[in-house]
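A.B. asks: Coordinates in protein.cif, mmCIF, C-alpha atoms, are listed below.
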```cif
data_target
loop_
_atom_site.label_atom_id
_atom_site.label_comp_id
_atom_site.auth_asym_id
_atom_site.auth_seq_id
_atom_site.Cartn_x
_atom_site.Cartn_y
_atom_site.Cartn_z
CA MET A 36 -18.12 32.10 -51.50
CA ALA A 37 -20.69 31.62 -54.20
CA HIS A 38 -20.25 35.16 -55.47
CA ILE A 39 -18.04 35.54 -58.53
CA THR A 40 -17.29 38.51 -60.76
CA ILE A 41 -16.86 37.65 -64.42
CA GLN A 42 -15.92 41.12 -65.68
CA LYS A 43 -12.34 40.79 -64.39
CA GLY A 44 -11.44 37.88 -66.67
CA PRO A 45 -8.70 38.33 -69.31
CA GLU A 46 -8.98 38.33 -73.10
CA GLN A 47 -9.62 35.17 -75.10
CA TYR A 48 -6.11 34.99 -76.55
CA VAL A 49 -4.68 34.62 -73.03
CA VAL A 50 -6.75 31.59 -72.00
CA LEU A 51 -7.99 29.63 -75.03
CA PRO A 52 -4.57 28.54 -76.39
CA PHE A 53 -3.87 26.72 -73.12
CA PHE A 54 -7.12 24.74 -73.28
CA ILE A 55 -6.72 23.86 -76.95
CA THR A 56 -3.07 22.86 -76.59
CA ALA A 57 -3.76 20.81 -73.45
CA GLY A 58 -6.35 18.80 -75.37
CA ILE A 59 -3.83 18.13 -78.14
CA PHE A 60 -1.23 16.96 -75.59
CA PHE A 61 -3.84 14.68 -73.99
CA LEU A 62 -4.45 13.13 -77.40
CA ILE A 63 -0.69 12.77 -77.95
CA PHE A 64 -0.37 11.06 -74.56
CA SER A 65 -3.02 8.49 -75.46
CA PHE A 66 -1.21 7.50 -78.66
CA LEU A 67 2.16 7.42 -76.89
CA LEU A 68 0.53 4.99 -74.47
CA VAL A 69 -0.37 2.74 -77.41
CA PHE A 70 3.16 2.88 -78.83
CA THR A 71 4.90 2.30 -75.49
CA GLY A 72 3.61 -1.23 -74.94
CA GLY A 73 4.94 -3.26 -72.04
CA GLN A 74 7.63 -0.74 -71.04
CA LEU A 75 5.14 0.70 -68.54
CA PHE A 76 5.50 -2.50 -66.53
CA GLY A 77 9.20 -1.83 -65.91
CA HIS A 78 11.19 0.80 -64.02
CA HIS A 79 9.89 4.36 -64.14
CA PHE A 80 13.28 5.73 -65.26
CA GLN A 81 12.93 4.72 -68.90
CA PRO A 82 12.93 7.13 -71.87
CA LYS A 83 9.41 6.42 -73.09
CA VAL A 84 7.93 6.32 -69.59
CA LEU A 85 9.57 9.69 -68.80
CA ALA A 86 8.15 11.09 -72.04
CA ILE A 87 4.63 9.93 -71.15
CA VAL A 88 4.83 11.27 -67.59
CA HIS A 89 6.00 14.70 -68.78
CA THR A 90 3.31 14.75 -71.48
CA LEU A 91 0.74 14.35 -68.72
CA ALA A 92 2.41 16.59 -66.13
CA LEU A 93 3.41 19.48 -68.42
CA GLY A 94 1.51 19.33 -71.70
CA TRP A 95 -1.78 18.18 -70.17
CA GLY A 96 -1.99 19.08 -66.48
CA THR A 97 0.17 22.19 -66.15
CA MET A 98 -0.90 23.56 -69.53
CA LEU A 99 -4.59 23.46 -68.68
CA ILE A 100 -4.05 24.70 -65.13
CA PHE A 101 -2.16 27.74 -66.43
CA GLY A 102 -5.10 28.61 -68.69
CA ALA A 103 -7.70 28.04 -65.99
CA ALA A 104 -5.68 30.00 -63.41
CA TYR A 105 -5.23 32.99 -65.73
CA GLN A 106 -9.03 33.09 -65.97
CA LEU A 107 -9.92 32.22 -62.37
CA VAL A 108 -7.35 34.28 -60.43
CA PRO A 109 -8.65 37.64 -61.73
CA VAL A 110 -12.25 36.45 -61.24
CA ILE A 111 -11.75 35.07 -57.72
CA PHE A 112 -9.68 37.99 -56.41
CA GLU A 113 -11.51 40.65 -58.44
CA ARG A 114 -8.35 42.09 -59.95
CA PRO A 115 -7.43 42.23 -63.64
CA LEU A 116 -4.57 39.96 -64.68
CA SER A 117 -1.35 41.90 -64.12
CA SER A 118 0.00 41.20 -67.62
CA SER A 119 -1.86 39.47 -70.44
CA SER A 120 1.15 39.71 -72.75
CA TRP A 121 3.46 37.92 -70.28
CA ALA A 122 0.77 35.30 -69.75
CA PHE A 123 0.82 34.57 -73.48
CA VAL A 124 4.63 34.44 -73.44
CA SER A 125 4.40 31.84 -70.66
CA TYR A 126 2.15 29.81 -72.99
CA LEU A 127 4.76 29.93 -75.76
CA PHE A 128 7.56 28.94 -73.36
CA LEU A 129 5.56 26.10 -71.81
CA THR A 130 4.42 24.71 -75.18
CA LEU A 131 7.83 24.78 -76.85
CA GLY A 132 9.60 23.57 -73.71
CA SER A 133 7.17 20.67 -73.26
CA CYS A 134 7.59 19.60 -76.90
CA LEU A 135 11.38 19.64 -76.63
CA LEU A 136 11.34 17.72 -73.35
CA ILE A 137 8.92 15.05 -74.56
CA TYR A 138 10.93 14.58 -77.77
CA SER A 139 14.19 14.44 -75.83
CA PHE A 140 12.89 11.90 -73.34
CA TRP A 141 11.25 9.70 -75.98
CA HIS A 142 14.52 9.43 -77.93
CA PHE A 143 16.62 10.01 -74.78
CA LYS A 144 18.61 12.82 -76.36
CA VAL A 145 20.37 14.27 -73.31
CA GLY A 146 22.13 17.53 -73.94
CA LEU A 147 21.11 20.78 -75.58
CA SER A 148 17.51 19.97 -76.57
CA MET A 149 16.60 18.55 -73.15
CA CYS A 150 18.30 21.38 -71.24
CA PHE A 151 16.81 24.08 -73.48
CA GLY A 152 13.35 22.55 -73.14
CA SER A 153 13.77 22.41 -69.34
CA MET A 154 14.92 26.04 -69.30
CA LEU A 155 11.84 27.18 -71.26
CA VAL A 156 9.50 25.30 -68.92
CA THR A 157 11.31 26.82 -65.93
CA LEU A 158 10.98 30.33 -67.38
CA SER A 159 7.26 29.74 -67.97
CA SER A 160 6.85 28.78 -64.30
CA TYR A 161 8.66 31.95 -63.17
CA LEU A 162 6.37 34.05 -65.36
CA TYR A 163 3.32 32.27 -63.94
CA PHE A 164 4.50 32.93 -60.38
CA TYR A 165 5.14 36.61 -61.17
CA ILE A 166 1.71 37.06 -62.78
CA VAL A 167 -0.20 35.32 -59.95
CA TRP A 168 1.74 37.15 -57.22
CA ASN A 169 1.47 40.55 -58.93
CA THR A 170 -2.28 40.07 -59.50
CA THR A 171 -3.09 39.08 -55.92
CA LYS A 172 -0.51 40.95 -53.81
CA ASP A 173 -2.80 43.87 -52.92
CA VAL A 174 -5.91 41.78 -52.20
CA GLU A 175 -6.89 42.16 -48.54
CA GLN A 176 -9.52 39.39 -48.46
CA LEU A 177 -9.54 35.67 -49.30
CA PHE A 178 -6.10 35.38 -47.71
CA GLU A 179 -6.47 31.60 -47.39
CA LEU A 180 -6.93 31.28 -51.16
CA ARG A 181 -3.93 33.55 -51.80
CA PHE A 182 -1.91 31.06 -49.74
CA TYR A 183 -2.95 28.18 -52.00
CA PHE A 184 -2.36 29.98 -55.29
CA THR A 185 0.90 31.73 -54.37
CA LEU A 186 2.54 28.79 -52.61
CA SER A 187 1.55 26.36 -55.36
CA ALA A 188 3.17 28.74 -57.88
CA PHE A 189 6.32 28.83 -55.73
CA TRP A 190 6.49 25.02 -55.63
CA LEU A 191 6.03 24.90 -59.39
CA CYS A 192 9.12 27.12 -59.74
CA PHE A 193 11.00 24.89 -57.29
CA THR A 194 9.98 21.77 -59.25
CA THR A 195 10.94 23.12 -62.66
CA THR A 196 14.25 24.48 -61.37
CA LEU A 197 15.09 21.10 -59.89
CA GLY A 198 14.04 19.49 -63.17
CA LEU A 199 16.42 21.78 -65.06
CA LEU A 200 19.27 20.77 -62.74
CA LEU A 201 18.41 17.10 -63.31
CA ALA A 202 18.47 17.62 -67.08
CA ILE A 203 21.90 19.25 -66.87
CA ASN A 204 23.08 16.47 -64.54
CA LEU A 205 22.30 13.83 -67.19
CA THR A 206 24.95 15.46 -69.37
CA HIS A 207 27.51 16.80 -66.89
CA GLY A 208 26.90 14.69 -63.76
CA PHE A 209 27.58 17.45 -61.20
CA LEU A 210 25.06 16.41 -58.50
CA THR A 211 26.60 14.68 -55.49
CA LYS A 212 23.35 12.90 -54.59
CA SER A 213 21.82 9.98 -56.49
CA HIS A 214 19.96 11.17 -59.61
CA LEU A 215 17.04 8.80 -58.88
CA ASP A 216 16.76 10.01 -55.27
CA ILE A 217 16.61 13.66 -56.41
CA LEU A 218 14.09 12.62 -59.08
CA LYS A 219 11.71 11.43 -56.34
CA LEU A 220 11.97 14.81 -54.61
CA HIS A 221 11.38 16.59 -57.94
CA ALA A 222 8.28 14.49 -58.65
CA HIS A 223 6.67 14.98 -55.24
CA ALA A 224 7.45 18.68 -55.03
CA GLY A 225 5.43 18.94 -58.23
CA LEU A 226 2.65 16.58 -57.21
CA VAL A 227 2.11 17.93 -53.69
CA GLY A 228 3.39 21.49 -53.87
CA TRP A 229 2.07 22.38 -57.31
CA PHE A 230 -0.79 20.11 -58.37
CA LEU A 231 -2.33 19.27 -54.99
CA GLN A 232 -2.24 22.79 -53.57
CA LEU A 233 -3.52 24.41 -56.76
CA VAL A 234 -6.37 21.90 -57.12
CA LEU A 235 -7.38 22.32 -53.48
CA GLY A 236 -7.15 26.10 -53.65
CA ALA A 237 -9.27 26.36 -56.78
CA GLY A 238 -11.64 23.72 -55.45
CA ALA A 239 -12.15 25.63 -52.20
CA LYS A 240 -13.67 28.45 -54.25
CA MET A 241 -15.21 26.71 -57.25
CA LEU A 242 -16.82 23.62 -55.68
CA PRO A 243 -18.99 25.62 -53.25
CA MET A 244 -19.99 27.85 -56.15
CA PHE A 245 -20.99 24.89 -58.33
CA MET A 246 -22.94 23.30 -55.45
CA LEU A 247 -24.45 26.62 -54.32
CA GLY A 248 -23.10 25.81 -50.86
CA ARG A 249 -21.11 27.65 -48.23
CA SER A 250 -19.18 27.05 -45.02
CA THR A 251 -17.95 29.28 -42.21
CA LYS A 252 -15.09 26.90 -41.32
CA ILE A 253 -12.43 28.98 -43.09
CA LYS A 254 -9.82 28.05 -40.45
CA LEU A 255 -9.80 24.54 -41.91
CA LEU A 256 -8.37 25.97 -45.14
CA TYR A 257 -5.57 27.71 -43.24
CA ALA A 258 -4.83 24.46 -41.40
CA SER A 259 -4.86 22.59 -44.71
CA VAL A 260 -2.34 24.78 -46.48
CA ILE A 261 -0.03 24.92 -43.45
CA LEU A 262 -0.04 21.14 -42.96
CA ILE A 263 0.53 20.41 -46.65
CA ASN A 264 3.52 22.74 -46.86
CA LEU A 265 4.92 21.54 -43.53
CA GLY A 266 4.72 17.91 -44.62
CA LEU A 267 6.27 18.67 -48.00
CA VAL A 268 9.20 20.69 -46.56
CA LEU A 269 9.95 17.96 -44.00
CA PHE A 270 9.78 15.29 -46.71
CA LEU A 271 12.19 17.19 -48.96
CA LEU A 272 14.68 17.89 -46.17
CA ASP A 273 14.60 14.29 -44.96
CA GLY A 274 14.62 12.91 -48.51
CA TYR A 275 17.72 14.92 -49.36
CA ALA A 276 19.56 13.67 -46.28
CA HIS A 277 18.36 10.06 -46.43
CA PRO A 278 16.84 7.78 -49.09
CA VAL A 279 13.03 7.87 -49.22
CA GLY A 280 11.68 5.14 -46.93
CA PHE A 281 9.26 4.40 -44.11
CA ARG A 282 10.11 7.67 -42.33
CA SER A 283 8.62 9.48 -45.32
CA LEU A 284 5.21 8.07 -44.35
CA ILE A 285 5.17 10.41 -41.35
CA PHE A 286 5.43 13.43 -43.64
CA ALA A 287 2.86 11.94 -46.02
CA ALA A 288 0.50 11.62 -43.04
CA VAL A 289 0.95 15.34 -42.31
CA VAL A 290 0.07 16.16 -45.93
CA LEU A 291 -2.92 13.80 -45.76
CA LEU A 292 -4.12 15.56 -42.62
CA GLY A 293 -4.04 18.82 -44.59
CA VAL A 294 -6.09 17.23 -47.37
CA LEU A 295 -8.61 15.96 -44.81
CA CYS A 296 -8.97 19.47 -43.34
CA TRP A 297 -9.82 20.71 -46.82
CA SER A 298 -12.23 17.79 -47.26
CA VAL A 299 -14.11 18.65 -44.07
CA TYR A 300 -14.54 22.21 -45.34
CA VAL A 301 -15.88 21.00 -48.71
CA LEU A 302 -18.15 18.44 -47.03
CA ASP A 303 -19.60 21.25 -44.89
CA CYS A 304 -20.31 23.18 -48.09
CA PHE A 305 -21.86 20.02 -49.54
CA LYS A 306 -24.06 19.57 -46.47
CA HIS A 307 -25.36 23.14 -46.77
CA ARG A 308 -25.69 23.19 -50.56
CA ALA A 309 -28.78 24.43 -52.40
CA ARG A 310 -28.12 22.41 -55.56
CA LYS A 311 -28.84 18.76 -54.74
CA PHE A 312 -28.23 17.24 -58.18
CA LEU A 313 -24.66 16.16 -58.97
CA ASP A 314 -23.84 16.55 -62.65
CA ILE A 315 -21.13 14.63 -64.52
CA PRO A 316 -18.31 17.15 -63.90
CA MET A 317 -18.99 16.94 -60.16
CA LYS A 318 -19.00 13.12 -60.35
CA HIS A 319 -15.63 13.37 -62.10
CA SER A 320 -14.36 15.40 -59.13
CA ILE A 321 -15.58 12.85 -56.60
CA ILE A 322 -14.05 9.88 -58.43
CA SER A 323 -10.76 11.76 -58.89
CA PHE A 324 -10.63 12.47 -55.14
CA LEU A 325 -11.16 8.77 -54.40
CA ASN A 326 -8.19 8.00 -56.65
CA LEU A 327 -6.11 10.49 -54.67
CA MET A 328 -7.06 8.68 -51.46
CA LEU A 329 -6.10 5.33 -53.01
CA ALA A 330 -2.70 6.81 -53.88
CA PHE A 331 -2.20 7.90 -50.25
CA LEU A 332 -3.25 4.48 -48.95
CA SER A 333 -0.79 2.74 -51.27
CA LEU A 334 2.24 4.68 -49.96
CA PRO A 335 3.28 2.08 -47.32
CA MET A 336 3.76 -0.41 -50.16
CA VAL A 337 5.22 2.14 -52.61
CA VAL A 338 8.10 3.19 -50.33
CA GLN A 339 9.27 -0.42 -50.16
CA GLN A 340 9.79 -0.67 -53.94
CA GLU A 341 12.13 1.04 -56.39
CA SER A 342 9.81 -0.21 -59.15
CA GLY A 343 7.00 -2.72 -59.50
CA ASN A 344 3.23 -3.05 -59.29
CA TRP A 345 2.66 -0.69 -56.37
CA VAL A 346 4.77 2.07 -57.90
CA ASN A 347 2.90 1.68 -61.21
CA LEU A 348 -0.49 1.64 -59.47
CA TYR A 349 0.50 4.77 -57.57
CA ALA A 350 1.29 6.49 -60.88
CA VAL A 351 -2.03 5.36 -62.40
CA TRP A 352 -4.04 6.67 -59.44
CA ILE A 353 -2.15 9.99 -59.41
CA PHE A 354 -1.84 10.86 -63.10
CA LEU A 355 -4.82 9.09 -64.67
CA GLY A 356 -7.27 8.75 -61.80
CA TRP A 357 -6.75 12.01 -59.92
CA ILE A 358 -5.15 14.71 -62.10
CA THR A 359 -6.81 13.65 -65.35
CA GLY A 360 -10.13 12.97 -63.62
CA ILE A 361 -10.34 16.45 -62.08
CA ILE A 362 -9.37 18.13 -65.36
CA LEU A 363 -11.90 16.15 -67.42
CA GLY A 364 -14.68 17.31 -65.13
CA MET A 365 -13.70 20.90 -64.42
CA THR A 366 -13.01 21.71 -68.08
CA PHE A 367 -16.75 21.60 -68.73
CA LYS A 368 -17.51 23.67 -65.65
CA THR A 369 -15.15 26.50 -66.60
CA LEU A 370 -14.54 26.60 -70.37
CA PRO A 371 -18.22 26.85 -71.46
CA PHE A 372 -18.76 29.67 -68.96
CA MET A 373 -15.72 31.54 -70.34
CA ILE A 374 -16.86 31.17 -73.95
CA TRP A 375 -20.40 32.20 -73.03
CA ASN A 376 -19.12 35.29 -71.22
CA TRP A 377 -16.89 36.34 -74.13
CA ARG A 378 -19.41 35.74 -76.93
CA TYR A 379 -22.91 35.95 -75.50
CA ASN A 380 -22.89 38.00 -72.29
CA ASP A 381 -23.47 41.30 -74.13
CA LEU A 382 -26.47 39.74 -75.91
CA ASN A 383 -28.09 38.52 -72.69
CA GLY A 384 -31.64 39.92 -72.53
CA ILE A 385 -31.43 41.27 -76.11
CA LYS A 386 -31.88 38.06 -78.10
CA LYS A 387 -32.18 34.35 -77.49
CA ILE A 388 -28.79 32.91 -76.59
CA PRO A 389 -27.64 29.44 -75.45
CA MET A 390 -26.85 28.59 -71.85
CA PRO A 391 -23.22 27.62 -71.03
CA LYS A 392 -24.19 23.93 -70.68
CA GLU A 393 -25.67 24.01 -74.18
CA LEU A 394 -22.29 24.81 -75.74
CA TYR A 395 -21.13 21.19 -75.48
CA SER A 396 -22.68 17.77 -76.05
CA GLN A 397 -24.12 16.14 -72.94
CA GLN A 398 -24.02 12.76 -74.72
CA ILE A 399 -20.30 13.05 -75.46
CA LEU A 400 -19.66 14.22 -71.88
CA SER A 401 -21.52 11.18 -70.56
CA MET A 402 -19.52 8.90 -72.86
CA GLN A 403 -16.32 10.61 -71.68
CA TYR A 404 -17.21 9.91 -68.04
CA TYR A 405 -17.79 6.20 -68.58
CA LEU A 406 -14.69 5.88 -70.77
CA TYR A 407 -12.70 7.48 -67.96
CA LEU A 408 -14.04 5.00 -65.41
CA LEU A 409 -13.40 2.09 -67.77
CA GLY A 410 -9.94 3.39 -68.73
CA VAL A 411 -8.75 3.69 -65.14
CA PHE A 412 -10.21 0.29 -64.21
CA VAL A 413 -8.69 -1.58 -67.16
CA MET A 414 -5.34 0.16 -66.64
CA ILE A 415 -5.32 -1.01 -63.01
CA ILE A 416 -6.09 -4.57 -64.17
CA ALA A 417 -3.29 -4.32 -66.74
CA VAL A 418 -0.75 -3.18 -64.12
CA ILE A 419 -1.75 -5.92 -61.67
CA SER A 420 -1.88 -8.72 -64.25
CA LYS A 421 1.03 -7.52 -66.43
CA VAL A 422 -0.82 -8.91 -69.44
CA HIS A 423 0.19 -7.00 -72.57
CA TRP A 424 -3.09 -7.31 -74.46
CA VAL A 425 -4.97 -5.86 -71.44
CA LEU A 426 -2.58 -2.89 -71.43
CA HIS A 427 -3.16 -2.50 -75.17
CA CYS A 428 -6.94 -2.47 -74.61
CA ALA A 429 -6.52 0.12 -71.85
CA ALA A 430 -4.40 2.30 -74.13
CA TRP A 431 -7.05 2.31 -76.87
CA ILE A 432 -9.73 3.17 -74.32
CA TRP A 433 -7.63 6.22 -73.40
CA VAL A 434 -7.40 7.11 -77.09
CA ALA A 435 -11.21 7.01 -77.33
CA LEU A 436 -11.45 9.09 -74.14
CA ALA A 437 -9.01 11.70 -75.46
CA VAL A 438 -10.87 11.92 -78.78
CA SER A 439 -14.22 12.43 -77.04
CA TYR A 440 -12.70 15.14 -74.82
CA VAL A 441 -11.06 16.98 -77.72
CA VAL A 442 -14.26 16.83 -79.81
CA ASN A 443 -16.34 18.31 -76.99
CA VAL A 444 -13.75 21.02 -76.26
CA ALA A 445 -13.76 21.91 -79.96
CA LYS A 446 -17.58 22.19 -79.87
CA VAL A 447 -17.26 24.72 -77.07
CA VAL A 448 -14.34 26.72 -78.48
CA PHE A 449 -15.76 26.99 -82.01
CA HIS A 450 -19.40 27.37 -81.01
CA LYS A 451 -21.31 29.76 -83.25
#
```
Represent the structure from my file as structure tokens, please.

C.D. replies:
Amino acid sequence: MAHITIQKGPEQYVVLPFFITAGIFFLIFSFLLVFTGGQLFGHHFQPKVLAIVHTLALGWGTMLIFGAAYQLVPVIFERPLSSSSWAFVSYLFLTLGSCLLIYSFWHFKVGLSMCFGSMLVTLSSYLYFYIVWNTTKDVEQLFELRFYFTLSAFWLCFTTTLGLLLAINLTHGFLTKSHLDILKLHAHAGLVGWFLQLVLGAGAKMLPMFMLGRSTKIKLLYASVILINLGLVLFLLDGYAHPVGFRSLIFAAVVLLGVLCWSVYVLDCFKHRARKFLDIPMKHSIISFLNLMLAFLSLPMVVQQESGNWVNLYAVWIFLGWITGIILGMTFKTLPFMIWNWRYNDLNGIKKIPMPKELYSQQILSMQYYLYLLGVFVMIIAVISKVHWVLHCAAWIWVALAVSYVVNVAKVVFHK
């Protein structure tokens, strides 16, 4: 599992725009958080809250994952990307669609702009699915990883299609089910089907490589992906027929069992690792996983509320603690290596060149890590206490975190 072939990676223009744009959206999110104020304490179906959530989910999380996947899929499966030009088109669709959606939600302009933005995001997801499937379809090995990547791409398409229908429904009201009930299915199809599966699939390959560890318990990965998809399908079917409630906890437990199977595999790699030292990106990964576990543990309280503290805490642990935490760490495990490979690999052994970890500032990375810990902690305190000045402090901490991240990404991207 530690072996990786860098020659199969795509051109710079395919990957770098995603990383740069994701950093900009992260910065935008942090300032939107400042401007939103106490609205985060209310119901989640509010214009500005929806804008912030989609800034994180699309502009930040999905944007960066697209870029990382377009680099990692060819490298992991040792096949060139099926179409670099379509990959760049997916970037254009995702960027423009995200901008239109965020603007539409912020000002709650239902109609053409929201529907067109949703359509562009949906088209970008279809392109992503086509590229991933076409790149990996003839690979005869690493079948368990193909499961993760292909099924997560399918669930992304399902999520964006459902989102498009919800956007149209706000104008024409054609859905027979409650809009808010369908919104819950849309959100969790994205969180579990797309984000969770993709993160676990990439982690199953990359974490052992970073730790210089390995495991022979591959069957755990098959069990993981089967349980996660089984739990998600059952949740969606039940959630469509009945309002989300305590019965949904059964399906969440099935998904959690799949996550635990994956965890046992990674822990086995950790136990047999050659690299004992845990750097800051790996610490980010551990803390983000703990936030994911806190989100799972909070579900019995979350399903009892339509809105309130537990729902808000769940969102903080998912979007800020888990998704953002894993991205903050893995960016500086993947991006410096890409830049080094593009710009310095041909000079290796010919002249003195920097190592990948020398392309960014270790001091800024350390500051980023502690700002992340502080930002999540203060945000949790703000949600629990509902004190506006605490929320304001948390928002400015996230601004400082976003600035530190963007500065360090820029140091890598524009390294000379």

A.B. asks: Let me know the residues the PyMOL selection byres ((chain A and resi 168) around 12) catches in the file above, as a ChimeraX atom specification.

C.D. replies: /A:105,108-109,112,114,116-118,161-167,169-174,181-189

A.B. asks: Assuming the chain letters and numbering stay as they are in my file, what does the PyMOL selection byres ((chain A and resi 448) around 10) actually select? List them as a list in words.

C.D. replies: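 Taken over the shown coordinates, the PyMOL selection byres ((chain A and resi 448) around 10) returns Leu51, Phe54, Ile55, Leu370, Pro371, Met373, Ile374, Trp375, Leu394, Tyr395, Val442, Asn443, Val444, Ala445, Lys446, Val447, Phe449, His450 and Lys451 of chain A.
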
A.B. asks: Box in all listed atoms of region 103-117 of chain A, axis-aligned, with 8 Å more on each side; write out centre and edge lengths in Å to one decimal as lines of an AutoDock Vina configuration file.

C.D. replies:
```
center_x = -6.8
center_y = 35.1
center_z = -61.2
size_x = 26.9
size_y = 30.2
size_z = 25.6
```

A.B. asks: Restricting the calculation to all atoms listed in the file, which member of A:Leu93, A:Val227, A:Cys304, A:Ala276 is positioned closest to Phe331 (chain A)?

C.D. replies: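 Of A:Leu93, A:Val227, A:Cys304, A:Ala276, the one nearest Phe331 (chain A) is A:Val227, counting all atoms listed in the file.
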
A.B. asks: Grab the CA of Tyr404 (chain A) to CA of Met328 (chain A) distance for me, in Å with one decimal place.

C.D. replies: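 Atom-to-atom, CA of Tyr404 (chain A) and CA of Met328 (chain A) are spaced 19.5 Å apart.
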
A.B. asks: Each residue of region 227-293 of chain A lying at most 12 Å from region 297-301 of chain A should get a row with its shortest atom-to-atom pair and the distance in Å to one decimal, counting only C-alpha atoms; could you produce that, ordered by chain and increasing number, as a tab-separated table?

C.D. replies:
```
residue	atom	partner	partner_atom	distance
A:Leu231	CA	A:Trp297	CA	11.2
A:Gln232	CA	A:Trp297	CA	10.4
A:Val234	CA	A:Trp297	CA	10.9
A:Leu235	CA	A:Trp297	CA	7.3
A:Gly236	CA	A:Trp297	CA	9.1
A:Ala237	CA	A:Trp297	CA	11.5
A:Gly238	CA	A:Val301	CA	8.4
A:Ala239	CA	A:Val301	CA	6.9
A:Lys240	CA	A:Val301	CA	9.5
A:Met241	CA	A:Val301	CA	10.3
A:Leu242	CA	A:Val301	CA	7.5
A:Pro243	CA	A:Val301	CA	7.2
A:Met244	CA	A:Val301	CA	10.9
A:Phe245	CA	A:Val301	CA	11.6
A:Met246	CA	A:Val301	CA	10.0
A:Leu247	CA	A:Val301	CA	11.7
A:Gly248	CA	A:Val301	CA	8.9
A:Arg249	CA	A:Val301	CA	8.5
A:Ser250	CA	A:Tyr300	CA	6.7
A:Thr251	CA	A:Tyr300	CA	8.5
A:Lys252	CA	A:Tyr300	CA	6.2
A:Ile253	CA	A:Tyr300	CA	7.4
A:Lys254	CA	A:Tyr300	CA	9.0
A:Leu255	CA	A:Trp297	CA	6.2
A:Leu256	CA	A:Trp297	CA	5.7
A:Tyr257	CA	A:Trp297	CA	8.9
A:Ala258	CA	A:Trp297	CA	8.3
A:Ser259	CA	A:Trp297	CA	5.7
A:Val260	CA	A:Trp297	CA	8.5
A:Ile261	CA	A:Trp297	CA	11.2
A:Leu262	CA	A:Trp297	CA	10.5
A:Ile263	CA	A:Trp297	CA	10.4
A:Val290	CA	A:Trp297	CA	10.9
A:Leu291	CA	A:Trp297	CA	9.8
A:Leu292	CA	A:Trp297	CA	8.8
A:Gly293	CA	A:Trp297	CA	6.5
```

A.B. asks: What is the CA of Thr194 (chain A)-CA of Phe140 (chain A) distance in Å, reported with one decimal?

C.D. replies: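 Computing the Euclidean distance for CA of Thr194 (chain A) and CA of Phe140 (chain A) yields 17.4 Å.
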
A.B. asks: Do a neighbour search on region 131-136 of chain A at 7 Å with only C-alpha atoms, toss out local chain neighbours closer than 6 positions, and write the hits as a list in words.

C.D. replies: Leu93, Gly94, Ser148, Met149, Gly152, Ser153, Leu155 and Val156 of chain A

A.B. asks: Please expand the PyMOL selection byres ((chain A and resi 210-226) around 7) into the concrete residues it hits in this file, giving the result as a list in words.

C.D. replies: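 Taken on the displayed file, the PyMOL selection byres ((chain A and resi 210-226) around 7) yields the residues Trp190, Leu191, Thr194, Leu197, Gly198, Asn204, Gly208, Phe209, Val227, Gly228, Trp229, Phe230, Leu231, Leu271, Gly274 and Pro278 of chain A.
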
A.B. asks: List as a PDB file with C-alpha atoms, in the coordinates of the input the protein and nucleic acid residues near His207 (chain A), meaning an atom at most 10 Å away when all atoms listed in the file are counted, but skip any in the same chain fewer than 5 places from it.

C.D. replies:
```pdb
ATOM      1  CA  VAL A 145      20.370  14.270 -73.310  1.00  0.00           C
ATOM      2  CA  GLY A 146      22.130  17.530 -73.940  1.00  0.00           C
ATOM      3  CA  LEU A 201      18.410  17.100 -63.310  1.00  0.00           C
ATOM      4  CA  ALA A 202      18.470  17.620 -67.080  1.00  0.00           C
TER       5      ALA A 202
END
```

A.B. asks: Quick one: distance from CA of Phe305 (chain A) to CA of Ile321 (chain A) in Å, one decimal?

C.D. replies: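 Going from CA of Phe305 (chain A) over to CA of Ile321 (chain A) covers 11.9 Å.
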
A.B. asks: Using only C-alpha atoms, can you tell me which of A:Ser65, A:Thr90, A:Ser333, A:Ser401 comes closest to Ala430 (chain A)?

C.D. replies: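 Checking each of A:Ser65, A:Thr90, A:Ser333, A:Ser401 against Ala430 (chain A), counting only C-alpha atoms, the winner is A:Ser65.
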
A.B. asks: Out of A:Arg378, A:His79, A:His423, A:Arg282, which residue has the shortest atom-to-atom distance to Gly343 (chain A) when counting only C-alpha atoms?

C.D. replies: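 Using only C-alpha atoms, Gly343 (chain A) sits closest to A:His79.
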
A.B. asks: Give me the residues within 8 Å of Ala287 (chain A) as an NGL selection string, counting all atoms listed in the file and dropping any in the same chain fewer than 5 places off.

C.D. replies: :A and (266-267 or 270 or 331)

A.B. asks: Considering all atoms listed in the file, state which residue in the set A:Leu199, A:Pro391, A:Ser320, A:Gln81 is at the smallest distance from Thr369 (chain A).

C.D. replies: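 Once distances to Thr369 (chain A) are computed over all atoms listed in the file, the minimum belongs to A:Pro391.
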
A.B. asks: With only C-alpha atoms as the basis for distance, which of A:Met414, A:Val422, A:Val346, A:Val441 is at the shortest distance from Thr56 (chain A)?

C.D. replies: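 Using only C-alpha atoms, the shortest distance to Thr56 (chain A) belongs to A:Val441.
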
A.B. asks: Would you pick out the contacts of Trp424 (chain A) at 12 Å or less, using all atoms listed in the file, so that residues sharing its chain but fewer than 3 positions from it are not included, and give the list as a VMD selection string?

C.D. replies: chain A and resid 69 72 to 73 413 to 414 416 to 418 420 to 421 427 to 431

A.B. asks: Here is a test: counting all atoms listed in the file, which residue of A:Leu272, A:Leu313, A:His307, A:Ala350 is nearest to Val84 (chain A)?

C.D. replies: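 Under the stated criterion, the closest residue is A:Ala350.
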